[in-house]
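K.L.:
The structure follows.
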Amino acid sequence: MKKLNVAIVGCGFMGRTHSNAYCKIGNFFDVPYEIVRKTICDFNEEKARAHAARWGFESVETDWRRLLDREDIDIVDICLPNNMHAEAAIALAKAGKMIICEKPLAMNGPEGLKMVKAVEKAGVPNLVSYNYRRMPAVTLAKKLIEEGRLGRIFHYRAKFLQDWTISRDLPQGGDALWRLDVKVAGSGVTGDLLAHCIDTALWLNGSMDKVNAMTETFIKERKHTLTGKVEKVGIDDACAFLARFSNGSLATFESTRYARGHKALYTFEINGEHASIAWDLHDSHRLQYFEHRDPGALRGWRSIHVTDGDHPYMKNWWVPGLTIGYEHSFVHQLYDFLQGAASGKPTGPTFRDALETQYVCDAVLKSARTSRWEKVAKVR
Ligand SMILES: NC(=O)c1ccc[n+]([C@@H]2O[C@H](COP(=O)([O-])OP(=O)(O)OC[C@H]3O[C@@H](n4cnc5c(N)ncnc54)[C@H](O)[C@@H]3O)[C@@H](O)[C@H]2O)c1
């Protein structure tokens with residue numbers, strides 16, 4: 001079997017979920033490559049060495065540029081903060097590496113377009129890590145929609161709620177809090193959380209035509225960890241938007257880091273002519289399903305426990321009835337990516353697919369500024 005030498009760049013939260021996926025995948029899935037955890041790269045050398053020891057990487061780098069000339073690296077998995085995705089992905093694709101890149105693809109649409117052109121010109125397999133598509137219950141939702149069970153779709157409703165930035169004493173910037181620094185994150189909840197909701201929505205319900213958004217930055221100034229000075233906060237703390245999909249359905253999306261009591265409440269509900277489906281990350285292995293065509297006396301919401309052998313991905317794990325969790329979505333996305341790389345039939349979201357999400361985010365942020373409906377740019 002062909003060896004696939006892996007380098008992960010960035011060994012924070014996502015570096016860990018991706019490392020875990022490379023460790024586990026061969027134990028549970030038949031993959032077309034022999035995975036070799038070759039190099040972990042982080043500019044914090046001590047952290048990289050500890051990560052290499054814990055997760056079984058053969059070597060450590062502190063600068064991703066060193067990977068450009070390393071012929072022993074086949075795939076680079078970019079788990080860096082948002083403002084570093086583009087430079088690394090473009091250069092590494094040019095050097096012929098397959099690329100997995102964390103979401104959001106880029107800081108904005110134009111930057112994302114350059115990344116799409118780079119991977120397509122280089123002809124390298126590419127994927128953006130919108131992992132929620134690979135939660136088995138979400139994949140099952142996609143299957144039910146594709147089978148036409150919902151019929152015409154009228155409504156899509158999604159939210160992603162957190163509560164971790166409410167304190168005004170929380171600084172912005174630096175290693176731990178780059179998400180609050182607009183120069184590193186690009187945006188606030190729009191690119192961080194709504195991007196996930198948008199990716200799932202585009203996948204399940206097709207393209208979006210236009211959006212009308214409002215955003216708010218509740219705490220306007222915070223001390224910057226790196227400069228020590230109190231600086232303006234440039235990110236959106238909360239965002240809510242309306243959208244019209246090309247299939248005629250109406251949608252509402254909401255995200256905030258100010259919803260006291262919620263840590264990662266990602267939910268969506270879709271209402272169709274014949275059926276509705278709903279999903280909640282906090283109850284991630286269940287898909288709620290309402291089928292109007294059931295006999296009247298039996299009609300009601302079914303709570304499908306997505307753990308059976310005929311549910312997506314589940315036959316590879318334990319026995320029916322036993323659950324898996326968040327981290328498994330990264331194993332599934334890696335499995336799909338590797339199948340695509342080996343067969344030449346890519347599974348999305350490719351960089352090109354993720355550009356559409358980026359364009360929706362751009363339109364949302366523009367609409368929040370203009371207080372008007374804004375069209376979503378088309379990916380050509
Ligand atoms: N798919 C998801 O559900 C999900 C969840 C969280 C984060 N993310 C995305 O993953 C990316 C990383 O987020 P995170 O939460 O892992 O961040 P993190 O802060 O936990 O980790 C980032 C790592 O990158 C390292 N780093 C920073 N600059 C570097 C450089 N120039 N060279 C090498 N290493 C460098 C840091 O030392 C740190 O270890 C972001 O784009 C984020 O949006 C995705």
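Ligands are numbered from 1 in the order shown, chains are lettered A, B, ... in the order of the structure tokens, and residues start at 1 in each chain.
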Fewer than 5 positions away in the same chain doesn't count, so skip those; otherwise give me all residues within 8 Å of range 84-90 of chain A, counting only C-alpha atoms, as an NGL selection string.

P.N.:
:A and (64-65 or 78 or 99 or 101-102 or 105-106 or 111-112 or 114-115 or 118-119)

K.L.:
Just write the chosen residues, C-alpha atoms, as a CSV table (one decimal), in the first residue's frame.

P.N.:
```
chain,number,residue,atom,x,y,z
A,64,TRP,CA,5.8,25.4,7.7
A,65,ARG,CA,8.1,26.8,4.9
A,78,ILE,CA,-3.3,23.3,8.0
A,99,ILE,CA,-4.0,20.1,1.3
A,101,CYS,CA,-7.2,23.3,5.5
A,102,GLU,CA,-9.2,24.3,8.6
A,105,LEU,CA,-11.1,28.8,4.1
A,106,ALA,CA,-9.8,32.4,4.1
A,111,GLU,CA,-8.4,35.7,-0.6
A,112,GLY,CA,-10.3,32.5,-0.8
A,114,LYS,CA,-6.7,32.9,-4.8
A,115,MET,CA,-6.5,29.7,-2.7
A,118,ALA,CA,-3.7,27.8,-6.4
A,119,VAL,CA,-5.0,24.2,-5.5
```

K.L.:
Running DSSP on the backbone, which parts of range 148-223 of chain A land in alpha helix (DSSP H), as a list in words?

P.N.:
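Selection result, alpha helix (DSSP H) within range 148-223 of chain A: Gly174, Asp175, Ala176, Leu177, Val182, Lys183, Val184, Ala185, Val189, Ala195, His196, Cys197, Ile198, Asp199, Thr200, Ala201, Leu202, Trp203, Leu204 and Asn205 of chain A.
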
K.L.:
With only C-alpha atoms as the atoms that count, which of A:Lys38, A:Lys232, A:Arg157, A:Arg244 lies nearest to Asn271 in chain A?

P.N.:
A:Arg157

K.L.:
Residues within 8 Å of ligand 1 should be enumerated using only C-alpha atoms and all ligand atoms and returned as a PyMOL selection string.

P.N.:
chain A and resi 9-16+41-44+47-48+62-64+78-85+101-105+129-132+175-179+185+191-192+196

K.L.:
Go ahead and save the picked residues with C-alpha atoms, as a PDB file, in the first residue's frame.

P.N.:
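Listing of out.pdb after writing:
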```
ATOM      1  CA  VAL A   9       0.744  22.616  10.877  1.00  0.00           C
ATOM      2  CA  GLY A  10      -0.547  24.037  14.157  1.00  0.00           C
ATOM      3  CA  CYS A  11      -0.937  21.806  17.188  1.00  0.00           C
ATOM      4  CA  GLY A  12      -3.694  23.602  19.094  1.00  0.00           C
ATOM      5  CA  PHE A  13      -7.318  22.476  19.389  1.00  0.00           C
ATOM      6  CA  MET A  14      -7.649  21.455  15.728  1.00  0.00           C
ATOM      7  CA  GLY A  15      -4.131  20.049  15.567  1.00  0.00           C
ATOM      8  CA  ARG A  16      -5.314  17.605  18.242  1.00  0.00           C
ATOM      9  CA  CYS A  41       4.809  21.872  12.923  1.00  0.00           C
ATOM     10  CA  ASP A  42       4.125  24.677  15.381  1.00  0.00           C
ATOM     11  CA  PHE A  43       6.051  27.867  15.958  1.00  0.00           C
ATOM     12  CA  ASN A  44       5.981  26.996  19.640  1.00  0.00           C
ATOM     13  CA  LYS A  47       4.387  22.553  22.335  1.00  0.00           C
ATOM     14  CA  ALA A  48       5.284  20.820  19.058  1.00  0.00           C
ATOM     15  CA  THR A  62       8.762  25.217  13.689  1.00  0.00           C
ATOM     16  CA  ASP A  63       8.223  26.860  10.289  1.00  0.00           C
ATOM     17  CA  TRP A  64       5.827  25.430   7.685  1.00  0.00           C
ATOM     18  CA  ILE A  78      -3.311  23.321   8.003  1.00  0.00           C
ATOM     19  CA  CYS A  79      -4.650  23.947  11.524  1.00  0.00           C
ATOM     20  CA  LEU A  80      -3.417  27.529  11.869  1.00  0.00           C
ATOM     21  CA  PRO A  81      -5.376  30.652  12.832  1.00  0.00           C
ATOM     22  CA  ASN A  82      -7.418  32.081   9.947  1.00  0.00           C
ATOM     23  CA  ASN A  83      -5.021  34.792   8.700  1.00  0.00           C
ATOM     24  CA  MET A  84      -2.332  32.181   8.011  1.00  0.00           C
ATOM     25  CA  HIS A  85      -4.381  29.764   5.886  1.00  0.00           C
ATOM     26  CA  CYS A 101      -7.239  23.330   5.512  1.00  0.00           C
ATOM     27  CA  GLU A 102      -9.231  24.266   8.574  1.00  0.00           C
ATOM     28  CA  LYS A 103     -12.254  26.503   8.168  1.00  0.00           C
ATOM     29  CA  PRO A 104     -13.003  29.237   7.342  1.00  0.00           C
ATOM     30  CA  LEU A 105     -11.119  28.846   4.081  1.00  0.00           C
ATOM     31  CA  SER A 129     -12.558  21.024   7.356  1.00  0.00           C
ATOM     32  CA  TYR A 130     -16.284  21.699   7.725  1.00  0.00           C
ATOM     33  CA  ASN A 131     -16.520  18.587   9.831  1.00  0.00           C
ATOM     34  CA  TYR A 132     -20.178  18.842  10.893  1.00  0.00           C
ATOM     35  CA  ASP A 175      -2.204  32.743  21.270  1.00  0.00           C
ATOM     36  CA  ALA A 176      -5.303  32.043  23.334  1.00  0.00           C
ATOM     37  CA  LEU A 177      -7.610  34.819  22.144  1.00  0.00           C
ATOM     38  CA  TRP A 178      -6.809  35.391  18.462  1.00  0.00           C
ATOM     39  CA  ARG A 179     -10.519  34.800  17.701  1.00  0.00           C
ATOM     40  CA  ALA A 185      -9.717  36.036  12.730  1.00  0.00           C
ATOM     41  CA  GLY A 191     -16.496  33.330  10.116  1.00  0.00           C
ATOM     42  CA  ASP A 192     -16.035  31.249  13.235  1.00  0.00           C
ATOM     43  CA  HIS A 196     -20.249  26.028   9.906  1.00  0.00           C
TER      44      HIS A 196
END
```

K.L.:
Within 6 Å of Thr307 in chain A, counting only C-alpha atoms, which residues show up once you throw out same-chain ones fewer than 4 positions away? Write them as a PyMOL selection string, please.

P.N.:
chain A and resi 314+320-321

K.L.:
Take the residues from that selection and put them in a file with C-alpha atoms, as a CSV table (one decimal), in the first residue's frame.

P.N.:
```csv
chain,number,residue,atom,x,y,z
A,314,MET,CA,-21.7,3.6,11.9
A,320,PRO,CA,-25.9,-0.8,17.1
A,321,GLY,CA,-27.1,1.4,20.0
```
